[in-house]
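What follows is my_file.cif (mmCIF, C-alpha atoms).
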```
data_model
loop_
_atom_site.label_atom_id
_atom_site.label_comp_id
_atom_site.auth_asym_id
_atom_site.auth_seq_id
_atom_site.Cartn_x
_atom_site.Cartn_y
_atom_site.Cartn_z
CA MET A 184 9.51 6.01 29.49
CA MET A 185 11.57 8.87 28.02
CA ILE A 186 14.44 8.16 30.45
CA LEU A 187 14.41 4.49 29.46
CA LEU A 188 14.50 5.42 25.79
CA LEU A 189 17.43 7.80 26.27
CA PHE A 190 19.29 5.17 28.28
CA SER A 191 18.75 2.59 25.51
CA LEU A 192 20.02 5.03 22.88
CA SER A 193 23.17 5.59 24.90
CA LEU A 194 23.98 1.86 24.95
CA TRP A 195 22.86 0.91 21.45
CA ASP A 196 23.79 2.01 17.99
CA TYR A 197 20.81 3.80 16.47
CA SER A 198 19.63 5.75 13.45
CA TYR A 199 16.46 7.59 12.58
CA ASN A 200 14.56 9.08 9.67
CA VAL A 201 12.03 11.89 9.84
CA SER A 202 10.20 12.96 6.70
CA ALA A 203 7.50 15.45 5.78
CA THR A 204 5.85 15.33 2.36
CA SER A 205 2.93 16.85 0.49
CA LEU A 206 1.33 15.34 -2.57
CA TYR A 207 -1.59 16.04 -4.86
CA ASP A 208 -3.89 13.08 -5.60
CA ASN A 209 -6.32 13.62 -8.47
CA ASN A 210 -8.61 10.69 -7.58
CA ILE A 211 -8.48 9.86 -3.88
CA PHE A 212 -11.44 7.42 -4.00
CA THR A 213 -10.26 5.69 -7.24
CA TYR A 214 -13.52 6.37 -9.06
CA SER A 215 -14.06 5.57 -12.72
CA PRO A 216 -14.38 8.49 -15.19
CA GLU A 217 -18.15 7.83 -15.37
CA ARG A 218 -18.49 8.07 -11.58
CA ILE A 219 -16.46 11.29 -11.51
CA GLN A 220 -18.68 12.78 -14.18
CA GLU A 221 -21.74 11.76 -12.16
CA PHE A 222 -20.26 13.60 -9.17
CA ILE A 223 -19.57 16.71 -11.28
CA ASP A 224 -23.08 16.67 -12.76
CA TYR A 225 -24.58 16.30 -9.27
CA SER A 226 -27.03 13.76 -10.68
CA ALA A 227 -26.85 11.41 -7.66
CA PRO A 228 -25.52 13.47 -4.72
CA TYR A 229 -26.42 10.82 -2.12
CA LYS A 230 -23.64 8.61 -3.56
CA TYR A 231 -20.94 11.23 -3.00
CA PRO A 232 -21.23 12.89 0.45
CA PHE A 233 -17.96 14.77 0.09
CA GLU A 234 -16.77 18.04 -1.44
CA THR A 235 -14.00 17.01 -3.84
CA TYR A 236 -12.73 13.82 -5.46
CA ASP A 237 -9.16 15.16 -5.52
CA ASP A 238 -7.15 16.53 -2.62
CA LEU A 239 -3.81 17.56 -1.18
CA ARG A 240 -2.35 15.11 1.34
CA THR A 241 0.39 15.91 3.84
CA SER A 242 2.30 13.12 5.55
CA ALA A 243 4.77 12.88 8.39
CA SER A 244 6.86 9.78 9.02
CA VAL A 245 9.21 8.83 11.83
CA SER A 246 11.31 5.66 11.93
CA LEU A 247 13.85 4.55 14.52
CA ARG A 248 16.33 1.66 14.35
CA LEU A 249 18.19 0.27 17.36
CA ARG A 250 21.12 -2.11 16.79
CA ASN A 251 23.11 -4.36 19.05
CA LYS A 252 25.01 -7.65 18.84
CA PHE A 253 23.56 -10.44 20.96
CA ILE A 254 24.62 -13.42 18.79
CA GLU A 255 28.41 -13.42 18.37
CA ASP A 256 29.19 -10.48 16.07
CA ARG A 257 25.84 -10.61 14.25
CA THR A 258 23.71 -7.49 14.35
CA THR A 259 20.21 -7.49 15.80
CA THR A 260 18.05 -4.56 14.66
CA PHE A 261 14.80 -3.37 16.20
CA ASN A 262 12.76 -0.92 14.17
CA LEU A 263 9.74 1.22 14.91
CA GLY A 264 7.88 3.40 12.42
CA LEU A 265 4.91 5.76 12.58
CA ASP A 266 3.18 7.42 9.61
CA VAL A 267 0.47 10.08 9.84
CA HIS A 268 -1.49 11.20 6.76
CA HIS A 269 -3.82 14.20 6.61
CA TYR A 270 -6.06 15.39 3.75
CA LEU A 271 -6.70 19.09 3.33
CA VAL A 272 -10.42 18.87 2.41
CA ASN A 273 -11.53 15.25 2.80
CA GLN A 274 -10.36 14.85 6.37
CA GLU A 275 -12.44 11.68 6.77
CA LYS A 276 -9.69 10.05 4.65
CA ASP A 277 -7.02 10.77 7.30
CA PHE A 278 -5.23 7.65 8.52
CA GLN A 279 -2.21 6.47 10.49
CA SER A 280 -0.03 3.38 10.41
CA ILE A 281 2.46 1.90 12.85
CA ALA A 282 5.10 -0.73 12.14
CA ILE A 283 7.39 -2.69 14.44
CA GLY A 284 9.97 -5.29 13.53
CA ILE A 285 13.10 -7.19 14.46
CA ARG A 286 15.88 -8.30 12.11
CA GLN A 287 18.68 -10.74 12.90
CA SER A 288 21.69 -11.08 10.63
CA PHE A 289 23.70 -14.28 10.32
CA LYS A 290 26.73 -15.19 8.28
CA THR A 291 25.15 -15.44 4.84
CA PHE A 292 21.54 -14.49 5.46
CA ALA A 293 19.24 -12.41 7.63
CA VAL A 294 15.76 -12.96 9.06
CA LYS A 295 13.18 -10.26 9.77
CA ILE A 296 9.73 -10.35 11.38
CA ALA A 297 7.46 -7.29 11.18
CA TYR A 298 3.95 -6.23 12.10
CA THR A 299 2.05 -3.34 10.50
CA HIS A 300 -1.26 -1.91 11.69
CA ILE A 301 -3.58 0.67 10.12
CA PRO A 302 -6.36 1.20 12.70
CA GLU A 303 -8.87 2.87 10.37
CA TYR A 304 -8.93 3.67 6.68
CA LEU A 305 -11.82 4.99 4.58
CA ILE A 306 -11.92 3.33 1.16
CA ARG A 307 -14.92 5.16 -0.29
CA TYR A 308 -18.68 5.47 0.18
CA TYR A 309 -20.93 2.48 -0.57
CA ARG A 310 -24.64 1.81 -0.27
CA GLU A 311 -25.45 0.53 3.19
CA PRO A 312 -26.50 -3.13 2.71
CA ALA A 313 -29.33 -2.92 5.27
CA GLY A 314 -30.47 0.55 4.18
CA SER A 315 -32.42 2.03 1.30
CA SER A 316 -31.06 2.53 -2.21
CA THR A 317 -30.05 6.10 -1.34
CA ASP A 318 -28.31 5.33 1.98
CA TYR A 319 -24.56 5.63 1.42
CA ILE A 320 -22.04 5.47 4.24
CA GLY A 321 -18.26 5.37 4.52
CA CYS A 322 -16.68 1.95 4.17
CA ASP A 323 -13.96 1.91 6.85
CA VAL A 324 -11.49 -0.94 7.26
CA GLN A 325 -8.71 -1.93 9.65
CA TYR A 326 -5.59 -3.54 8.18
CA ARG A 327 -3.21 -5.84 10.08
CA THR A 328 -0.21 -7.54 8.49
CA LEU A 329 2.29 -9.96 10.02
CA SER A 330 5.23 -10.68 7.75
CA GLY A 331 8.50 -12.57 7.67
CA LYS A 332 11.48 -12.14 5.35
CA ILE A 333 14.63 -14.15 4.71
CA SER A 334 17.41 -12.26 2.91
CA LEU A 335 20.05 -14.37 1.19
CA LEU A 336 22.98 -12.00 1.13
CA ARG A 337 26.04 -13.92 -0.06
CA LEU A 338 24.86 -17.19 -1.58
CA LEU A 339 24.48 -15.58 -5.01
CA PRO A 340 26.14 -12.65 -6.81
CA PHE A 341 23.09 -10.59 -5.85
CA ALA A 342 20.80 -10.33 -2.82
CA VAL A 343 17.58 -12.36 -2.81
CA HIS A 344 14.69 -11.77 -0.41
CA LEU A 345 11.96 -14.36 0.28
CA THR A 346 8.84 -13.06 2.00
CA TYR A 347 5.62 -14.39 3.48
CA ALA A 348 2.83 -12.28 4.95
CA ARG A 349 -0.50 -12.93 6.58
CA ARG A 350 -2.95 -10.04 6.18
CA TRP A 351 -6.29 -9.37 7.85
CA GLU A 352 -8.92 -6.86 6.71
CA ASP A 353 -11.61 -6.03 9.29
CA TYR A 354 -14.47 -3.79 8.12
CA ILE A 355 -17.04 -1.87 10.13
CA GLU A 356 -20.15 -3.74 11.19
CA GLU A 357 -22.27 -2.64 8.22
CA PHE A 358 -19.75 -4.18 5.80
CA ASP A 359 -18.39 -7.05 7.89
CA LEU A 360 -19.05 -9.48 5.03
CA TYR A 361 -16.13 -7.79 3.32
CA ASP A 362 -13.81 -9.07 6.09
CA ALA A 363 -10.97 -10.96 4.47
CA ARG A 364 -7.77 -12.86 5.12
CA ALA A 365 -4.88 -13.16 2.70
CA HIS A 366 -1.64 -15.07 2.22
CA LEU A 367 1.19 -13.36 0.31
CA LEU A 368 4.33 -15.06 -1.00
CA GLY A 369 7.06 -13.03 -2.65
CA ILE A 370 10.58 -13.08 -4.00
CA ASP A 371 12.75 -10.03 -4.73
CA ALA A 372 16.25 -9.61 -6.12
CA ASP A 373 18.62 -6.63 -5.94
CA LEU A 374 21.24 -6.56 -8.70
CA LYS A 375 24.05 -4.06 -9.00
CA LEU A 376 24.68 -3.65 -12.74
CA VAL A 377 27.56 -1.20 -12.43
CA HIS A 378 28.77 0.90 -9.52
CA PHE A 379 26.13 3.61 -10.10
CA ILE A 380 23.18 1.57 -11.47
CA ALA A 381 21.10 -1.00 -9.55
CA LEU A 382 18.14 -3.09 -10.69
CA GLY A 383 15.39 -4.46 -8.48
CA LEU A 384 13.03 -7.24 -9.61
CA GLY A 385 10.17 -8.81 -7.70
CA TYR A 386 7.22 -11.17 -7.87
CA GLN A 387 4.38 -11.73 -5.42
CA PHE A 388 1.51 -14.21 -5.33
CA ARG A 389 -1.52 -13.35 -3.22
CA THR A 390 -4.60 -15.37 -2.41
CA GLN A 391 -7.43 -13.67 -0.51
CA GLU A 392 -10.72 -14.99 0.78
CA SER A 393 -13.67 -12.89 1.94
CA ASP A 394 -16.09 -13.86 4.68
CA SER A 395 -18.94 -13.44 2.22
CA ALA A 396 -17.69 -16.55 0.38
CA HIS A 397 -19.16 -18.65 3.23
CA SER A 398 -22.21 -16.53 4.03
CA ILE A 399 -25.74 -17.82 3.42
CA VAL A 400 -26.94 -14.20 3.29
CA VAL A 401 -26.02 -12.23 0.16
CA PHE A 402 -26.42 -8.45 -0.12
CA ASP A 403 -26.37 -6.81 -3.54
CA ASP A 404 -23.58 -4.44 -2.51
CA VAL A 405 -21.51 -6.96 -0.53
CA PRO A 406 -20.46 -9.59 -3.08
CA ASP A 407 -17.68 -12.16 -2.81
CA GLY A 408 -14.37 -10.36 -3.33
CA SER A 409 -12.12 -13.44 -3.04
CA PHE A 410 -9.31 -13.57 -5.59
CA PHE A 411 -5.90 -14.82 -6.73
CA GLN A 412 -3.33 -12.24 -7.76
CA HIS A 413 0.04 -12.27 -9.51
CA ALA A 414 2.15 -9.12 -9.28
CA ALA A 415 5.52 -8.25 -10.80
CA GLN A 416 7.73 -5.25 -10.07
CA ALA A 417 10.81 -3.72 -11.67
CA ARG A 418 12.86 -0.77 -10.41
CA LEU A 419 15.92 0.96 -11.82
CA ASP A 420 18.06 3.10 -9.48
CA VAL A 421 20.65 5.43 -10.96
CA MET A 422 23.06 7.58 -9.00
CA CYS A 423 22.52 11.15 -10.18
CA LYS A 424 24.68 14.22 -9.60
CA LEU A 425 22.65 16.77 -11.53
CA LEU A 426 22.48 19.93 -9.35
CA PHE A 427 22.65 17.81 -6.17
CA PRO A 428 23.94 14.28 -5.58
CA GLY A 429 21.26 11.69 -5.05
CA MET A 430 19.24 8.94 -6.68
CA LEU A 431 16.92 8.73 -9.67
CA SER A 432 14.48 5.81 -9.42
CA LEU A 433 12.14 4.55 -12.13
CA GLY A 434 9.67 1.77 -11.41
CA TYR A 435 6.89 -0.24 -13.02
CA ASP A 436 4.43 -2.61 -11.31
CA TYR A 437 1.87 -4.90 -12.91
CA ALA A 438 -0.81 -6.88 -11.05
CA PHE A 439 -3.21 -9.43 -12.54
CA ARG A 440 -6.17 -10.29 -10.31
CA ASN A 441 -8.51 -13.20 -11.05
CA HIS A 442 -11.69 -13.24 -8.97
CA ARG A 443 -12.71 -16.62 -7.58
CA THR A 444 -16.46 -16.55 -6.99
CA ASP A 445 -18.54 -19.26 -8.68
CA ASP A 446 -21.84 -17.44 -8.07
CA VAL A 447 -23.06 -16.27 -11.48
CA GLN A 448 -25.43 -13.84 -9.73
CA ASP A 449 -22.44 -11.90 -8.44
CA ILE A 450 -22.09 -9.79 -11.57
CA TYR A 451 -19.38 -7.58 -10.07
CA HIS A 452 -16.97 -10.49 -9.56
CA TYR A 453 -18.01 -13.60 -11.52
CA GLY A 454 -15.62 -14.06 -14.45
CA ARG A 455 -13.89 -10.79 -13.60
CA GLN A 456 -10.22 -10.04 -14.19
CA ASP A 457 -8.32 -6.89 -13.24
CA HIS A 458 -5.15 -5.54 -14.82
CA VAL A 459 -3.47 -2.83 -12.73
CA HIS A 460 -0.46 -0.89 -14.02
CA THR A 461 1.65 1.50 -11.93
CA VAL A 462 4.49 3.74 -13.10
CA ARG A 463 6.70 5.47 -10.52
CA PHE A 464 9.34 8.19 -10.64
CA GLU A 465 11.36 9.51 -7.72
CA ARG A 466 14.30 11.86 -7.46
CA THR A 467 16.15 12.26 -4.17
CA ALA A 468 18.72 15.02 -3.81
CA ARG A 469 21.03 15.53 -0.83
CA ILE A 470 20.90 19.27 -0.33
CA PHE A 471 22.75 19.20 3.01
CA THR A 472 24.33 16.51 5.11
CA GLY A 473 21.46 14.61 6.68
CA ILE A 474 18.78 16.37 4.59
CA GLU A 475 17.30 15.10 1.33
CA LEU A 476 14.80 16.68 -1.01
CA VAL A 477 12.41 14.11 -2.53
CA VAL A 478 10.25 14.68 -5.62
CA SER A 479 7.93 11.89 -6.77
CA TYR A 480 5.32 11.04 -9.38
CA MET A 481 3.03 8.02 -9.55
CA LYS A 482 0.55 7.05 -12.29
CA ARG A 483 -1.81 4.08 -11.85
CA TRP A 484 -4.64 2.71 -13.94
CA ARG A 485 -6.89 -0.36 -13.79
CA ASN A 486 -8.64 -2.20 -16.61
CA ALA A 487 -11.39 -4.60 -15.49
CA THR A 488 -13.03 -7.20 -17.73
CA SER A 489 -16.05 -9.44 -17.14
CA GLU A 490 -17.43 -12.55 -18.84
CA ILE A 491 -21.05 -11.66 -18.07
CA TYR A 492 -21.19 -7.91 -17.35
CA PRO A 493 -19.76 -5.80 -20.19
CA ALA A 494 -20.56 -2.55 -18.36
CA LEU A 495 -18.22 -3.48 -15.52
CA SER A 496 -15.38 -1.43 -17.00
CA SER A 497 -17.44 1.77 -16.77
CA ILE A 498 -17.71 1.18 -13.00
CA LYS A 499 -14.40 -0.39 -12.03
CA ASP A 500 -11.87 1.11 -14.45
CA TYR A 501 -9.97 4.09 -13.08
CA ASP A 502 -6.81 6.07 -13.52
CA LYS A 503 -5.09 8.35 -11.07
CA TYR A 504 -1.83 10.11 -10.43
CA ARG A 505 0.02 11.55 -7.46
CA LEU A 506 2.58 14.33 -7.58
CA GLY A 507 4.53 15.07 -4.43
CA ALA A 508 7.56 16.67 -2.83
CA GLY A 509 9.07 16.62 0.64
CA LEU A 510 12.09 16.59 2.91
CA ASN A 511 13.78 13.63 4.53
CA PHE A 512 15.98 14.09 7.62
CA TYR A 513 18.21 11.17 8.50
CA PHE A 514 20.96 10.27 10.93
#
```

Please lay out the structure from this file as structure tokens.
Amino acid sequence: MMILLLFSLSLWDYSYNVSATSLYDNNIFTYSPERIQEFIDYSAPYKYPFETYDDLRTSASVSLRLRNKFIEDRTTTFNLGLDVHHYLVNQEKDFQSIAIGIRQSFKTFAVKIAYTHIPEYLIRYYREPAGSSTDYIGCDVQYRTLSGKISLLRLLPFAVHLTYARRWEDYIEEFDLYDARAHLLGIDADLKLVHFIALGLGYQFRTQESDSAHSIVVFDDVPDGSFFQHAAQARLDVMCKLLFPGMLSLGYDYAFRNHRTDDVQDIYHYGRQDHVHTVRFERTARIFTGIELVVSYMKRWRNATSEIYPALSSIKDYDKYRLGAGLNFYF
């Protein structure tokens, strides 16, 4: 296998990225302030079978791109990526992801197909539906996403990307009513304002349906999580030469989620709307040829409202931030 890989690299144009980062996350389970206070007070320890609600996460990423020209002079690109994430204290939150894809460029556009897989990811601890009121277990899920993208490169003064993705969420047996499928449609535009400033704008529509929407059995802790969602993104990239040459990126994302259940007994979702705001900051600095220093900050908060359950916000609202730094090696 290694010989075959080395032989392929000798015949194809290739590039790679290797990165190692560490970040502090002050709310790894996205708990509300009331839930965090309950954890601190130790008033319901069976709900929180872990040591800390914040943690330090280290991540390592490897990506490889192979390029060749099979169609006239148009480049075909194969890409492979692997990410590994490890938490210092809450190691049950460790997870990995793998991504593969192929991109074909044409005269005025390009087409890409990609597949991403996260084999196991712990969201948080929930009451076991078939257990007692004090039985809480980890809610693990497997994510699979198949996506396609068409990039219109020269039809307009700026690049436009049209995307469609099909996403599957498969939960462990105890929470299999959470299993869901989603369709995602998106459009993004990259605009170069001047030679050192670029603007990115995007919109995505997502519709997701849970298996529990069709179940004749309803558990209190496994309600119908089906929803529609509108999301908008904006990003400003500025070339920066302070101390080291690199990029300064500022971003803002907003997502509006409208839950679809018509079961008035489902107090966690009936008439519920979520507003999620995310602010991002990233500074990359090229300290040596092929080596970048990356410093990042992310702040996210959610406001949830309900037509029938005013106390929902005390359970579902949260805010969190991540502060990280790392090195990126590229060739």

Starting from 6 Å padding per side, set up an axis-aligned box that covers all listed atoms of region 382-387 of chain A and hand over centre and edge lengths in Å, one decimal, as AutoDock Vina command-line options.
```
--center_x 11.3 --center_y -7.4 --center_z -8.1 --size_x 25.8 --size_y 20.6 --size_z 17.3
```

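What the PyMOL selection byres ((chain A and resi 302) around 6) matches in the given file is Ile301, Glu303 and Gln325 of chain A.
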
When you look at region 468-483 of chain A with a cut-off of 8 Å (counting only C-alpha atoms), what residues show up, excluding the ones that are within fewer than 4 positions of it in the same chain? I need them as a ChimeraX atom specification. /A:427-430,459-464,502-514

Can you tell me which residues surround Gln416 (chain A) at a distance of at most 7 Å, considering all atoms listed in the file, apart from same-chain residues fewer than 2 positions away, and format the answer as a CSV table (one decimal) with C-alpha atoms, in the coordinates of the input?
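Saved to around32.csv:
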```csv
chain,number,residue,atom,x,y,z
A,384,LEU,CA,13.0,-7.2,-9.6
A,385,GLY,CA,10.2,-8.8,-7.7
A,386,TYR,CA,7.2,-11.2,-7.9
A,414,ALA,CA,2.2,-9.1,-9.3
A,418,ARG,CA,12.9,-0.8,-10.4
A,435,TYR,CA,6.9,-0.2,-13.0
A,436,ASP,CA,4.4,-2.6,-11.3
A,437,TYR,CA,1.9,-4.9,-12.9
```

Best match for closeness to Gln274 (chain A) among A:Phe379, A:Ala293, A:Ser288, A:Phe233, counting only C-alpha atoms: A:Phe233

Neighbours of point (4.0, 15.8, 8.4) within 8 Å, using only C-alpha atoms, written as an mmCIF file with C-alpha atoms, in the frame of the given file:
```cif
data_model
loop_
_atom_site.group_PDB
_atom_site.id
_atom_site.type_symbol
_atom_site.label_atom_id
_atom_site.label_comp_id
_atom_site.auth_asym_id
_atom_site.auth_seq_id
_atom_site.Cartn_x
_atom_site.Cartn_y
_atom_site.Cartn_z
ATOM 1 C CA SER A 202 10.200 12.960 6.700
ATOM 2 C CA ALA A 203 7.500 15.450 5.780
ATOM 3 C CA THR A 204 5.850 15.330 2.360
ATOM 4 C CA THR A 241 0.390 15.910 3.840
ATOM 5 C CA SER A 242 2.300 13.120 5.550
ATOM 6 C CA ALA A 243 4.770 12.880 8.390
ATOM 7 C CA SER A 244 6.860 9.780 9.020
ATOM 8 C CA VAL A 267 0.470 10.080 9.840
ATOM 9 C CA HIS A 268 -1.490 11.200 6.760
#
```

I need the output of the PyMOL selection byres ((chain A and resi 306) around 6) for this file as an NGL selection string; which residues are they? :A and (305 or 307 or 322)
